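Data file: structure.cif. Format and content: mmCIF, C-alpha atoms and all ligand atoms.
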data_work
#
loop_
_atom_site.label_atom_id
_atom_site.label_comp_id
_atom_site.auth_asym_id
_atom_site.auth_seq_id
_atom_site.Cartn_x
_atom_site.Cartn_y
_atom_site.Cartn_z
CA MET A 1 -86.47 -148.95 139.23
CA ASP A 2 -88.58 -150.29 142.04
CA HIS A 3 -89.15 -149.61 145.73
CA PHE A 4 -87.80 -152.83 147.24
CA LEU A 5 -84.42 -151.79 148.60
CA TYR A 6 -82.13 -152.66 151.47
CA ARG A 7 -82.02 -150.10 154.24
CA ASN A 8 -80.33 -150.54 157.64
CA GLY A 9 -79.46 -154.12 156.72
CA GLN A 10 -83.07 -155.07 155.96
CA LEU A 11 -85.16 -155.36 152.81
CA TYR A 12 -87.86 -152.69 152.75
CA ALA A 13 -91.02 -152.40 150.69
CA GLU A 14 -91.19 -148.61 150.35
CA ASP A 15 -90.93 -147.51 154.01
CA VAL A 16 -92.00 -150.79 155.60
CA PRO A 17 -89.56 -153.55 156.59
CA VAL A 18 -90.51 -156.73 154.73
CA SER A 19 -89.85 -158.75 157.90
CA GLU A 20 -92.56 -156.74 159.68
CA ILE A 21 -95.14 -157.69 157.04
CA ALA A 22 -94.03 -161.34 157.15
CA ALA A 23 -94.40 -161.36 160.94
CA ALA A 24 -97.87 -159.80 160.78
CA VAL A 25 -99.32 -161.73 157.84
CA GLY A 26 -97.24 -164.92 157.70
CA THR A 27 -95.45 -166.42 154.75
CA PRO A 28 -95.56 -167.03 151.87
CA VAL A 29 -96.96 -163.63 150.94
CA TYR A 30 -97.04 -161.39 147.87
CA ILE A 31 -96.14 -157.76 148.57
CA TYR A 32 -96.79 -154.95 146.08
CA SER A 33 -95.51 -151.38 146.07
CA THR A 34 -97.97 -148.61 145.18
CA ALA A 35 -95.18 -146.21 144.21
CA THR A 36 -93.68 -148.71 141.77
CA LEU A 37 -97.04 -149.52 140.17
CA LEU A 38 -97.76 -145.83 139.66
CA ARG A 39 -94.26 -145.03 138.46
CA HIS A 40 -94.44 -147.71 135.76
CA PHE A 41 -97.92 -146.67 134.65
CA ARG A 42 -96.83 -143.04 134.37
CA LEU A 43 -93.73 -143.95 132.37
CA PHE A 44 -96.00 -145.35 129.66
CA ASP A 45 -98.50 -142.53 129.95
CA GLU A 46 -95.74 -139.93 129.54
CA ALA A 47 -94.07 -141.87 126.72
CA LEU A 48 -97.25 -141.39 124.67
CA ASP A 49 -97.75 -137.76 125.63
CA TRP A 50 -97.06 -136.68 122.04
CA GLY A 51 -100.64 -137.54 121.06
CA PRO A 52 -104.05 -138.80 122.19
CA HIS A 53 -103.65 -142.13 123.94
CA LEU A 54 -104.93 -144.51 126.60
CA VAL A 55 -102.81 -146.95 128.59
CA CYS A 56 -105.02 -150.00 129.16
CA TYR A 57 -103.37 -152.06 131.89
CA ALA A 58 -103.44 -155.79 130.97
CA MET A 59 -104.98 -156.85 134.24
CA LYS A 60 -104.24 -160.51 133.65
CA ALA A 61 -100.79 -159.69 135.06
CA ALA A 62 -102.12 -158.87 138.54
CA SER A 63 -105.81 -158.25 139.06
CA ASN A 64 -106.37 -157.58 142.74
CA GLN A 65 -109.04 -154.91 143.23
CA ALA A 66 -106.62 -152.72 145.17
CA ILE A 67 -104.11 -152.77 142.30
CA LEU A 68 -106.81 -152.00 139.75
CA LYS A 69 -108.15 -149.11 141.82
CA THR A 70 -104.67 -147.69 142.31
CA LEU A 71 -104.04 -147.67 138.56
CA ALA A 72 -107.54 -146.59 137.57
CA ALA A 73 -107.29 -143.57 139.88
CA ALA A 74 -104.12 -142.57 137.99
CA GLY A 75 -106.06 -142.67 134.71
CA ALA A 76 -105.45 -146.20 133.45
CA GLY A 77 -107.91 -148.04 131.26
CA MET A 78 -108.05 -151.83 131.40
CA ASP A 79 -107.46 -154.64 128.93
CA VAL A 80 -109.65 -157.59 129.93
CA VAL A 81 -109.81 -161.11 128.53
CA SER A 82 -112.77 -162.70 130.29
CA GLY A 83 -116.14 -161.92 131.80
CA GLY A 84 -114.49 -162.26 135.20
CA GLU A 85 -111.86 -159.65 134.40
CA TYR A 86 -114.54 -157.38 132.97
CA ALA A 87 -116.52 -157.68 136.23
CA ARG A 88 -113.38 -156.99 138.26
CA ALA A 89 -112.62 -153.87 136.22
CA LEU A 90 -116.15 -152.51 136.70
CA ALA A 91 -116.01 -153.37 140.41
CA ALA A 92 -112.81 -151.35 140.70
CA GLY A 93 -114.68 -148.36 139.29
CA VAL A 94 -113.27 -148.40 135.75
CA PRO A 95 -115.93 -147.08 133.39
CA GLY A 96 -116.83 -149.22 130.37
CA GLU A 97 -115.50 -146.61 127.96
CA ARG A 98 -112.01 -147.30 129.34
CA ILE A 99 -112.19 -151.11 129.01
CA VAL A 100 -111.01 -153.00 125.92
CA PHE A 101 -111.92 -156.67 125.56
CA SER A 102 -109.26 -158.99 124.07
CA GLY A 103 -109.00 -162.78 123.82
CA VAL A 104 -109.65 -165.47 121.22
CA GLY A 105 -112.71 -167.07 122.78
CA LYS A 106 -115.17 -164.46 123.98
CA THR A 107 -118.48 -166.19 124.62
CA ARG A 108 -121.85 -164.72 123.66
CA ASP A 109 -122.60 -164.26 127.36
CA GLU A 110 -119.38 -162.30 127.88
CA ILE A 111 -120.08 -160.20 124.79
CA ARG A 112 -123.62 -159.41 126.00
CA THR A 113 -122.43 -158.50 129.49
CA ALA A 114 -119.81 -156.12 128.12
CA LEU A 115 -122.27 -154.49 125.70
CA GLU A 116 -124.77 -153.98 128.50
CA GLY A 117 -122.20 -152.67 130.97
CA GLY A 118 -120.32 -150.50 128.46
CA ILE A 119 -117.19 -151.21 126.46
CA ARG A 120 -114.62 -149.13 124.63
CA GLN A 121 -114.03 -151.79 121.98
CA PHE A 122 -113.83 -155.50 121.33
CA ASN A 123 -110.62 -156.69 119.72
CA ILE A 124 -111.94 -159.30 117.29
CA GLU A 125 -109.77 -162.40 116.92
CA SER A 126 -111.62 -164.44 114.26
CA GLU A 127 -114.40 -164.29 111.70
CA PRO A 128 -116.85 -166.47 113.68
CA GLU A 129 -116.28 -164.24 116.70
CA MET A 130 -116.89 -161.17 114.55
CA ARG A 131 -120.26 -162.56 113.44
CA ALA A 132 -121.17 -163.50 117.03
CA ILE A 133 -120.44 -159.96 118.28
CA SER A 134 -122.58 -158.48 115.51
CA GLU A 135 -125.47 -160.83 116.27
CA VAL A 136 -125.40 -160.19 120.01
CA ALA A 137 -125.17 -156.42 119.48
CA SER A 138 -128.03 -156.44 116.95
CA ALA A 139 -130.21 -158.44 119.33
CA LEU A 140 -129.60 -155.80 121.99
CA GLY A 141 -130.26 -153.01 119.49
CA VAL A 142 -126.77 -151.54 119.86
CA VAL A 143 -123.66 -151.27 117.73
CA ALA A 144 -120.40 -152.74 119.05
CA PRO A 145 -117.19 -150.74 118.52
CA VAL A 146 -114.54 -153.13 117.20
CA THR A 147 -111.00 -153.48 115.99
CA VAL A 148 -109.68 -156.58 114.28
CA ARG A 149 -106.56 -158.07 115.80
CA VAL A 150 -104.16 -158.72 112.97
CA ASN A 151 -101.40 -161.28 113.15
CA PRO A 152 -98.38 -159.68 111.45
CA ASP A 153 -96.30 -162.89 111.31
CA VAL A 154 -93.40 -161.32 113.19
CA ASP A 155 -90.94 -163.21 115.37
CA ALA A 156 -91.09 -161.56 118.81
CA ARG A 157 -87.89 -163.39 119.87
CA THR A 158 -89.30 -164.37 123.23
CA HIS A 159 -90.20 -167.68 124.95
CA ALA A 160 -92.30 -169.82 122.58
CA LYS A 161 -95.12 -170.12 125.13
CA ILE A 162 -95.65 -166.34 125.19
CA ALA A 163 -95.04 -165.44 121.53
CA THR A 164 -98.30 -164.61 119.80
CA GLY A 165 -97.54 -162.81 116.54
CA LYS A 166 -96.39 -165.67 114.30
CA SER A 167 -98.72 -167.18 111.74
CA GLU A 168 -98.71 -170.53 113.55
CA ASN A 169 -100.11 -168.93 116.74
CA LYS A 170 -103.85 -169.02 117.49
CA PHE A 171 -104.12 -165.24 117.74
CA GLY A 172 -105.65 -162.71 115.35
CA ILE A 173 -106.34 -162.76 111.64
CA PRO A 174 -103.50 -163.11 109.12
CA ILE A 175 -102.62 -159.59 108.09
CA ALA A 176 -102.81 -160.55 104.41
CA LYS A 177 -106.49 -161.34 104.89
CA ALA A 178 -107.30 -158.19 106.84
CA ARG A 179 -108.86 -156.14 104.03
CA GLN A 180 -111.34 -158.89 103.27
CA VAL A 181 -112.27 -159.28 106.95
CA TYR A 182 -112.67 -155.52 107.44
CA ALA A 183 -114.98 -155.45 104.40
CA GLU A 184 -117.19 -158.04 106.05
CA ALA A 185 -117.03 -156.25 109.42
CA ALA A 186 -118.16 -152.99 107.80
CA ALA A 187 -121.12 -154.76 106.24
CA LEU A 188 -122.32 -156.39 109.46
CA PRO A 189 -125.15 -154.45 111.11
CA GLY A 190 -124.02 -154.81 114.73
CA LEU A 191 -120.43 -153.58 114.31
CA LYS A 192 -118.68 -150.26 114.01
CA VAL A 193 -115.04 -150.51 112.95
CA VAL A 194 -112.92 -148.08 114.97
CA GLY A 195 -109.37 -149.27 114.44
CA ILE A 196 -106.77 -152.00 114.29
CA ASP A 197 -105.32 -154.17 117.07
CA VAL A 198 -102.02 -156.03 117.26
CA HIS A 199 -100.12 -157.83 120.06
CA ILE A 200 -97.09 -159.93 119.18
CA GLY A 201 -95.99 -161.42 122.48
CA SER A 202 -94.77 -160.87 125.98
CA GLN A 203 -91.38 -160.20 127.61
CA LEU A 204 -89.93 -158.65 124.47
CA THR A 205 -86.44 -157.38 125.17
CA GLU A 206 -85.79 -155.66 121.85
CA LEU A 207 -87.68 -152.99 119.93
CA ASP A 208 -87.13 -154.41 116.42
CA PRO A 209 -90.06 -156.87 116.46
CA PHE A 210 -92.39 -154.05 117.55
CA ALA A 211 -91.05 -151.85 114.75
CA LEU A 212 -91.64 -154.57 112.15
CA ALA A 213 -95.17 -155.20 113.37
CA TYR A 214 -96.10 -151.52 113.67
CA ARG A 215 -94.78 -150.78 110.19
CA LYS A 216 -97.16 -153.41 108.86
CA VAL A 217 -99.98 -151.83 110.89
CA ALA A 218 -99.17 -148.42 109.36
CA GLU A 219 -99.39 -149.85 105.84
CA LEU A 220 -102.64 -151.58 106.69
CA THR A 221 -104.08 -148.35 108.13
CA GLU A 222 -103.48 -146.59 104.80
CA ALA A 223 -104.92 -149.49 102.83
CA LEU A 224 -108.05 -149.73 104.98
CA ARG A 225 -108.60 -146.00 104.82
CA ALA A 226 -108.35 -146.21 101.04
CA ASP A 227 -111.03 -148.90 101.22
CA GLY A 228 -113.27 -146.42 103.03
CA HIS A 229 -112.87 -147.56 106.65
CA GLU A 230 -112.58 -145.08 109.45
CA ILE A 231 -109.41 -146.09 111.30
CA SER A 232 -109.11 -143.69 114.22
CA ARG A 233 -107.62 -145.93 116.89
CA LEU A 234 -104.60 -148.25 117.00
CA ASP A 235 -104.34 -150.76 119.84
CA LEU A 236 -100.72 -151.88 119.91
CA GLY A 237 -100.96 -154.53 122.62
CA GLY A 238 -98.50 -155.03 125.45
CA GLY A 239 -95.31 -157.02 125.66
CA LEU A 240 -92.46 -154.72 126.62
CA GLY A 241 -90.14 -156.84 128.78
CA ILE A 242 -88.65 -156.21 132.19
CA PRO A 243 -85.21 -156.92 133.65
CA TYR A 244 -85.49 -160.17 135.63
CA THR A 245 -81.89 -160.05 136.74
CA ARG A 246 -79.72 -157.26 137.94
CA SER A 247 -76.85 -158.34 135.71
CA ASN A 248 -78.85 -158.58 132.47
CA GLU A 249 -78.69 -155.88 129.92
CA ALA A 250 -81.89 -153.96 130.58
CA PRO A 251 -84.69 -154.12 127.99
CA PRO A 252 -85.68 -150.87 126.26
CA LEU A 253 -87.46 -148.27 128.37
CA PRO A 254 -91.08 -147.16 127.90
CA VAL A 255 -89.84 -143.77 126.68
CA GLU A 256 -87.90 -145.44 123.85
CA TYR A 257 -90.93 -147.59 123.05
CA GLY A 258 -93.09 -144.45 122.95
CA ARG A 259 -90.67 -142.80 120.53
CA LEU A 260 -90.74 -145.85 118.30
CA ILE A 261 -94.54 -145.72 118.21
CA GLU A 262 -94.44 -142.03 117.33
CA ARG A 263 -91.91 -142.67 114.57
CA GLU A 264 -93.80 -145.59 113.00
CA LEU A 265 -97.40 -144.49 113.54
CA GLY A 266 -97.49 -140.87 114.71
CA HIS A 267 -98.16 -139.49 111.22
CA LEU A 268 -101.48 -141.35 110.98
CA GLY A 269 -103.26 -139.13 113.50
CA CYS A 270 -104.77 -142.08 115.36
CA GLU A 271 -105.48 -142.40 119.05
CA ILE A 272 -102.95 -144.88 120.45
CA GLU A 273 -103.84 -147.59 122.94
CA ILE A 274 -101.32 -149.89 124.57
CA GLU A 275 -101.90 -152.86 126.88
CA PRO A 276 -98.85 -153.28 129.12
CA GLY A 277 -99.16 -155.76 131.98
CA ARG A 278 -95.79 -157.11 133.03
CA LEU A 279 -93.90 -153.84 132.94
CA ILE A 280 -96.43 -152.18 135.22
CA ALA A 281 -96.82 -154.96 137.78
CA GLY A 282 -93.75 -157.22 137.43
CA ASN A 283 -91.17 -155.33 139.41
CA ALA A 284 -93.85 -153.82 141.63
CA GLY A 285 -94.24 -157.11 143.48
CA ILE A 286 -92.17 -159.60 145.46
CA LEU A 287 -92.97 -163.01 146.88
CA VAL A 288 -91.66 -163.49 150.39
CA SER A 289 -91.03 -166.98 151.68
CA GLU A 290 -89.48 -168.65 154.70
CA VAL A 291 -86.82 -171.33 154.62
CA ILE A 292 -88.33 -174.44 156.20
CA TYR A 293 -85.25 -176.64 156.05
CA VAL A 294 -81.75 -176.59 154.71
CA LYS A 295 -81.20 -180.12 153.48
CA GLU A 296 -77.84 -181.56 152.64
CA GLY A 297 -78.11 -183.72 149.56
CA GLU A 298 -75.50 -185.64 147.64
CA GLY A 299 -73.22 -183.11 146.06
CA ARG A 300 -75.79 -180.35 146.53
CA ASN A 301 -77.70 -178.56 149.21
CA PHE A 302 -81.38 -177.74 149.05
CA LEU A 303 -83.16 -174.73 150.42
CA ILE A 304 -86.68 -175.96 151.05
CA LEU A 305 -89.04 -172.99 151.12
CA ASP A 306 -92.62 -172.61 152.24
CA ALA A 307 -93.48 -171.19 148.80
CA ALA A 308 -93.97 -173.64 145.96
CA MET A 309 -94.78 -173.93 142.28
CA ASN A 310 -98.47 -173.47 143.05
CA ASP A 311 -97.69 -169.98 144.40
CA LEU A 312 -95.32 -168.94 141.59
CA ILE A 313 -95.53 -171.18 138.54
CA ARG A 314 -93.23 -169.20 136.22
CA PRO A 315 -89.98 -171.12 136.87
CA ALA A 316 -91.71 -174.49 136.36
CA MET A 317 -93.71 -173.34 133.37
CA TYR A 318 -91.32 -171.15 131.41
CA ASP A 319 -87.96 -171.97 133.03
CA ALA A 320 -88.20 -168.37 134.18
CA HIS A 321 -85.46 -166.84 136.29
CA HIS A 322 -86.39 -164.83 139.37
CA ASP A 323 -83.73 -163.26 141.53
CA ILE A 324 -84.06 -164.62 145.06
CA ILE A 325 -82.53 -162.46 147.77
CA PRO A 326 -82.31 -162.75 151.55
CA VAL A 327 -84.53 -160.34 153.46
CA VAL A 328 -81.64 -159.64 155.84
CA GLU A 329 -79.00 -157.90 153.77
CA PRO A 330 -75.88 -160.05 153.36
CA GLU A 331 -72.57 -158.57 154.50
CA PRO A 332 -70.67 -157.22 151.51
CA GLY A 333 -68.29 -159.88 150.17
CA CYS A 334 -69.76 -162.64 152.34
CA GLU A 335 -69.29 -166.21 151.25
CA GLN A 336 -71.91 -167.65 148.94
CA GLU A 337 -72.87 -171.26 148.38
CA PRO A 338 -74.82 -172.94 145.60
CA TYR A 339 -78.30 -174.13 146.58
CA ASP A 340 -81.11 -175.82 144.73
CA ILE A 341 -84.07 -173.73 145.82
CA VAL A 342 -87.26 -175.78 145.95
CA GLY A 343 -90.78 -175.84 147.33
CA PRO A 344 -92.62 -178.54 149.28
CA VAL A 345 -94.85 -179.76 146.42
CA CYS A 346 -94.41 -183.39 145.43
CA GLU A 347 -92.98 -182.81 141.98
CA THR A 348 -89.42 -182.43 140.80
CA GLY A 349 -90.65 -179.49 138.73
CA ASP A 350 -91.23 -177.63 141.97
CA THR A 351 -87.78 -176.13 141.64
CA PHE A 352 -87.26 -172.38 141.61
CA ALA A 353 -83.53 -172.36 140.91
CA LYS A 354 -80.65 -174.79 140.55
CA ALA A 355 -77.17 -174.23 141.99
CA ARG A 356 -78.11 -170.65 142.82
CA LEU A 357 -75.38 -168.82 144.72
CA MET A 358 -76.77 -167.56 148.01
CA PRO A 359 -75.27 -166.43 151.29
CA ALA A 360 -75.64 -169.13 153.95
CA LEU A 361 -79.24 -169.29 155.12
CA ARG A 362 -80.80 -171.04 158.07
CA ALA A 363 -84.24 -172.46 158.69
CA GLY A 364 -86.54 -169.61 159.62
CA GLY A 365 -84.70 -167.16 157.37
CA LEU A 366 -86.72 -165.13 154.89
CA VAL A 367 -86.10 -164.73 151.18
CA ALA A 368 -87.77 -162.55 148.57
CA PHE A 369 -88.40 -163.46 144.93
CA ARG A 370 -88.02 -160.30 142.94
CA SER A 371 -90.04 -159.40 139.83
CA ALA A 372 -92.95 -161.55 141.02
CA GLY A 373 -95.71 -158.95 140.74
CA ALA A 374 -96.85 -159.96 137.26
CA TYR A 375 -98.16 -163.45 136.47
CA GLY A 376 -97.49 -164.47 140.06
CA ALA A 377 -100.56 -164.43 142.32
CA VAL A 378 -102.92 -164.57 139.34
CA MET A 379 -101.47 -167.88 138.15
CA ALA A 380 -101.46 -169.49 141.59
CA SER A 381 -103.47 -172.59 142.39
CA GLU A 382 -104.35 -174.64 145.45
CA TYR A 383 -102.50 -177.73 144.25
CA ASN A 384 -101.60 -180.01 147.17
CA THR A 385 -104.36 -178.16 149.07
CA ARG A 386 -102.00 -175.32 149.74
CA ALA A 387 -104.10 -172.22 150.38
CA LEU A 388 -103.76 -169.30 147.96
CA ILE A 389 -101.35 -166.98 149.67
CA PRO A 390 -102.23 -163.49 150.89
CA GLU A 391 -101.48 -160.29 149.01
CA VAL A 392 -100.35 -157.09 150.71
CA LEU A 393 -100.18 -153.58 149.28
CA VAL A 394 -97.69 -151.08 150.66
CA LYS A 395 -98.02 -147.32 150.36
CA ASP A 396 -95.24 -145.26 151.97
CA ASP A 397 -95.11 -146.45 155.59
CA GLN A 398 -98.48 -148.21 155.55
CA PHE A 399 -99.44 -151.69 154.49
CA ALA A 400 -102.75 -153.48 154.10
CA VAL A 401 -103.76 -157.05 153.39
CA ILE A 402 -105.58 -156.87 150.05
CA ARG A 403 -106.35 -160.59 149.91
CA GLN A 404 -106.70 -162.80 152.96
CA ARG A 405 -105.24 -166.25 153.19
CA PRO A 406 -108.24 -168.62 153.19
CA SER A 407 -108.51 -171.10 156.05
CA PHE A 408 -108.52 -174.83 155.34
CA GLU A 409 -112.16 -174.76 156.38
CA ASP A 410 -112.89 -172.16 153.68
CA ILE A 411 -111.21 -174.41 151.15
CA ILE A 412 -113.01 -177.57 152.23
CA ASN A 413 -116.38 -175.83 152.39
CA ARG A 414 -116.10 -174.83 148.75
CA ASP A 415 -116.77 -178.46 147.86
CA SER A 416 -120.32 -179.74 148.10
CA LEU A 417 -121.39 -183.33 148.56
CA PRO A 418 -123.96 -185.20 146.49
CA GLU A 419 -126.94 -186.38 148.54
CA TRP A 420 -125.85 -190.04 148.48
CA LEU A 421 -122.75 -189.34 150.55
N1 LIG B 501 -102.45 -157.79 125.51
C1 LIG B 501 -102.70 -159.05 125.14
C2 LIG B 501 -103.69 -159.30 124.08
C3 LIG B 501 -102.03 -160.12 125.77
O1 LIG B 501 -102.29 -161.37 125.40
C4 LIG B 501 -101.09 -159.85 126.79
C5 LIG B 501 -100.38 -160.94 127.48
C6 LIG B 501 -100.86 -158.51 127.14
C7 LIG B 501 -101.55 -157.50 126.48
C8 LIG B 501 -99.88 -158.11 128.21
O2 LIG B 501 -98.59 -158.47 127.89
P1 LIG B 501 -97.38 -157.98 128.84
O3 LIG B 501 -97.28 -156.48 128.71
O4 LIG B 501 -97.69 -158.39 130.21
O5 LIG B 501 -96.21 -158.68 128.29
N2 LIG B 501 -97.92 -165.86 131.93
C9 LIG B 501 -96.83 -165.42 131.07
C10 LIG B 501 -97.18 -164.22 130.25
C11 LIG B 501 -98.43 -164.37 129.40
C12 LIG B 501 -98.79 -163.16 128.60
C13 LIG B 501 -100.12 -163.31 127.98
N3 LIG B 501 -100.60 -162.17 127.26
C14 LIG B 501 -95.59 -165.19 131.94
O6 LIG B 501 -95.65 -165.39 133.15
O7 LIG B 501 -94.53 -164.85 131.42
#
Represent the structure of the file as C-alpha cells.
Amino acid sequence: MDHFLYRNGQLYAEDVPVSEIAAAVGTPVYIYSTATLLRHFRLFDEALDWGPHLVCYAMKAASNQAILKTLAAAGAGMDVVSGGEYARALAAGVPGERIVFSGVGKTRDEIRTALEGGIRQFNIESEPEMRAISEVASALGVVAPVTVRVNPDVDARTHAKIATGKSENKFGIPIAKARQVYAEAAALPGLKVVGIDVHIGSQLTELDPFALAYRKVAELTEALRADGHEISRLDLGGGLGIPYTRSNEAPPLPVEYGRLIERELGHLGCEIEIEPGRLIAGNAGILVSEVIYVKEGEGRNFLILDAAMNDLIRPAMYDAHHDIIPVVEPEPGCEQEPYDIVGPVCETGDTFAKARLMPALRAGGLVAFRSAGAYGAVMASEYNTRALIPEVLVKDDQFAVIRQRPSFEDIINRDSLPEWL
C-alpha cells in the first residue's frame, strides 16, 4: 500500500495534489511520501519483532538526506556500499554503530574512514579484502567487527542483472569454502568475527530462494560455532520484491518474510540484520512528467515525455515495467489507446513502454510513473546535458524540495578548463 491515490479526480501524494507540486517545482520531478517510507520500514521492523534485530536500509535505493533522516529517526540502521554512502549516512545523523558496510571493492581509504568514524561491521566479500581490512585496522590500533558474505549458490529467480547468489556472480565467498576463510579471519589480528552475511539478489518475488539460502546459513552457523567462532549476528541482506503492476500477483509480504526468518534461523539465538532497499523506497516514490508532444507515427502513436532514460534508467536497463498513470483521473470506462511512451534522448532505448494502453492524453498533460522511488533518482545521469531532476518529499499536507534542479550554469561550471584554452 502506498499514499499516491486519486481523490476528487486528481492524483494526490498524501494530502497534496501532484499537479500542485508539478506547478511549483516543474517537471520532471521525483515525489516521495513520508508515510509510505515509514510504513514500509515499520513492516520490516515489526516482522522481526520476535527477536533482537536491526533493519539496515540499503540506501543505494534512494539516498537523499531527507529520506535517510526520516528513516533514521524511526530507528533504521543503514547498509552502505561506498565511502560516499557512508558519509551520507553520518551526515544524516546515523551513528556508526548502526551502519553496515557491504560491497565487493571497499578501498583502504574507505575502510579507514569507516573505522575512524565508527562502524557496526564490514561484510567481507573476498580474502584479499579481508586481509586489507585487518591491515588497516591494525595500523589504526583497532579491531574491525566483520562478517563474511557467503555465496550460497542459490537461484534467486530474478533478472540476471540483479541476481547475486549464484556461484558465477562476483559476490561473496563460496559457502563450501567458508570454514577455511573464517579460520583465517579469526587468526588475523585486526578482525573480530561477529557473524555471517548473505544477500542473494533483488526483486525476489518468492520466498523459496530465501529459505534455501537461509537454511544453508543455519547449517554454516552450527559448523562455525563448532569450530569455535562466536556467531552472534546474521545479516540476511535485502531483496524482497515489490508489486510493479496492479494486476500482478503480489510478492510475499514482509510479515511472511519475517516468519520465514524465524522458522529457519530463530533457534540460533542470533541478532538478525536485514538490508531492504526497494521495498522501503520503491512504492514510496513516483516520477512525474509532462507530455511534450503526441506524435502520430506509422501504425503507432508516441507520447513524448519530458522525462527520459537519464532520469529513470530501469526500463532501458532491465526492461523493467513501471505503471504510468495520468495525473488527472480518467473517467471510469473511458477509451484507451496504445502508445509508445518515450523520452527526448537520442537513443531508441529511451523507451519507457511499448503499445501501453492509456486514456487519450494531450500535450501539457501530466503522467506519473509509479514504483519509481527505488533505483530511480540515484541512478540518474546528466546524459544529453539534461539536468538531474528535483526531488520533493511530502508529509501530510506539506511538501518540500529536498534536491534542487541545478541550473545549466551550475552544470557548465562543474567543468574546468586547462590553462591552454
Ligand atoms: N544488500 C546488498 C548487499 C545489495 O547488493 C542490495 C542491492 C541490497 C541489500 C538491497 O536490495 P533490495 O532490497 O533493494 O532488493 N538497480 C537495480 C537493483 C540493484 C540492487 C543491487 N543490490 C534495479 O533497479 O532493479
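Nearest-residue note for Leu224 of chain A: choosing from A:Ala89, A:Val198, A:Ala186, A:Ala23, the minimum distance belongs to A:Ala186, counting all atoms listed in the file.
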Can you tell me which residues come within 6 Å of ligand LIG 501 (chain B) when counting only C-alpha atoms and all ligand atoms, ideally as a VMD selection string?
chain A and resid 58 61 102 162 199 202 to 203 237 to 240 275 to 278 314 375
Selection file, C-alpha atoms, as a PDB file, keeping the file's coordinate frame:
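Result saved to again.pdb:
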ATOM      1  CA  ALA A  58    -103.440-155.790 130.970  1.00  0.00           C
ATOM      2  CA  ALA A  61    -100.790-159.690 135.060  1.00  0.00           C
ATOM      3  CA  SER A 102    -109.260-158.990 124.070  1.00  0.00           C
ATOM      4  CA  ILE A 162     -95.650-166.340 125.190  1.00  0.00           C
ATOM      5  CA  HIS A 199    -100.120-157.830 120.060  1.00  0.00           C
ATOM      6  CA  SER A 202     -94.770-160.870 125.980  1.00  0.00           C
ATOM      7  CA  GLN A 203     -91.380-160.200 127.610  1.00  0.00           C
ATOM      8  CA  GLY A 237    -100.960-154.530 122.620  1.00  0.00           C
ATOM      9  CA  GLY A 238     -98.500-155.030 125.450  1.00  0.00           C
ATOM     10  CA  GLY A 239     -95.310-157.020 125.660  1.00  0.00           C
ATOM     11  CA  LEU A 240     -92.460-154.720 126.620  1.00  0.00           C
ATOM     12  CA  GLU A 275    -101.900-152.860 126.880  1.00  0.00           C
ATOM     13  CA  PRO A 276     -98.850-153.280 129.120  1.00  0.00           C
ATOM     14  CA  GLY A 277     -99.160-155.760 131.980  1.00  0.00           C
ATOM     15  CA  ARG A 278     -95.790-157.110 133.030  1.00  0.00           C
ATOM     16  CA  ARG A 314     -93.230-169.200 136.220  1.00  0.00           C
ATOM     17  CA  TYR A 375     -98.160-163.450 136.470  1.00  0.00           C
TER      18      TYR A 375
END
By how many Å are atom CA of Ala211 of chain A and atom CA of Tyr182 of chain A apart?
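Atom CA of Tyr182 of chain A lies at a distance of 23.1 Å from atom CA of Ala211 of chain A.
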Quick one: residues within 12 Å of Ile272 of chain A, only C-alpha atoms counted, chain neighbours fewer than 2 positions away excluded, as a PyMOL selection string?
chain A and resi 44-45+47-56+194-198+214+231-237+258+261-262+264-270+274-275
Taking C-alpha atoms for each residue, export the selection above as an mmCIF file, in the coordinates of the input.
data_model
loop_
_atom_site.group_PDB
_atom_site.id
_atom_site.type_symbol
_atom_site.label_atom_id
_atom_site.label_comp_id
_atom_site.auth_asym_id
_atom_site.auth_seq_id
_atom_site.Cartn_x
_atom_site.Cartn_y
_atom_site.Cartn_z
ATOM 1 C CA PHE A 44 -96.000 -145.350 129.660
ATOM 2 C CA ASP A 45 -98.500 -142.530 129.950
ATOM 3 C CA ALA A 47 -94.070 -141.870 126.720
ATOM 4 C CA LEU A 48 -97.250 -141.390 124.670
ATOM 5 C CA ASP A 49 -97.750 -137.760 125.630
ATOM 6 C CA TRP A 50 -97.060 -136.680 122.040
ATOM 7 C CA GLY A 51 -100.640 -137.540 121.060
ATOM 8 C CA PRO A 52 -104.050 -138.800 122.190
ATOM 9 C CA HIS A 53 -103.650 -142.130 123.940
ATOM 10 C CA LEU A 54 -104.930 -144.510 126.600
ATOM 11 C CA VAL A 55 -102.810 -146.950 128.590
ATOM 12 C CA CYS A 56 -105.020 -150.000 129.160
ATOM 13 C CA VAL A 194 -112.920 -148.080 114.970
ATOM 14 C CA GLY A 195 -109.370 -149.270 114.440
ATOM 15 C CA ILE A 196 -106.770 -152.000 114.290
ATOM 16 C CA ASP A 197 -105.320 -154.170 117.070
ATOM 17 C CA VAL A 198 -102.020 -156.030 117.260
ATOM 18 C CA TYR A 214 -96.100 -151.520 113.670
ATOM 19 C CA ILE A 231 -109.410 -146.090 111.300
ATOM 20 C CA SER A 232 -109.110 -143.690 114.220
ATOM 21 C CA ARG A 233 -107.620 -145.930 116.890
ATOM 22 C CA LEU A 234 -104.600 -148.250 117.000
ATOM 23 C CA ASP A 235 -104.340 -150.760 119.840
ATOM 24 C CA LEU A 236 -100.720 -151.880 119.910
ATOM 25 C CA GLY A 237 -100.960 -154.530 122.620
ATOM 26 C CA GLY A 258 -93.090 -144.450 122.950
ATOM 27 C CA ILE A 261 -94.540 -145.720 118.210
ATOM 28 C CA GLU A 262 -94.440 -142.030 117.330
ATOM 29 C CA GLU A 264 -93.800 -145.590 113.000
ATOM 30 C CA LEU A 265 -97.400 -144.490 113.540
ATOM 31 C CA GLY A 266 -97.490 -140.870 114.710
ATOM 32 C CA HIS A 267 -98.160 -139.490 111.220
ATOM 33 C CA LEU A 268 -101.480 -141.350 110.980
ATOM 34 C CA GLY A 269 -103.260 -139.130 113.500
ATOM 35 C CA CYS A 270 -104.770 -142.080 115.360
ATOM 36 C CA ILE A 274 -101.320 -149.890 124.570
ATOM 37 C CA GLU A 275 -101.900 -152.860 126.880
#
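One distance worth recording is that between atom CA of Pro209 of chain A and atom CA of Ala281 of chain A, which is 22.4 Å.
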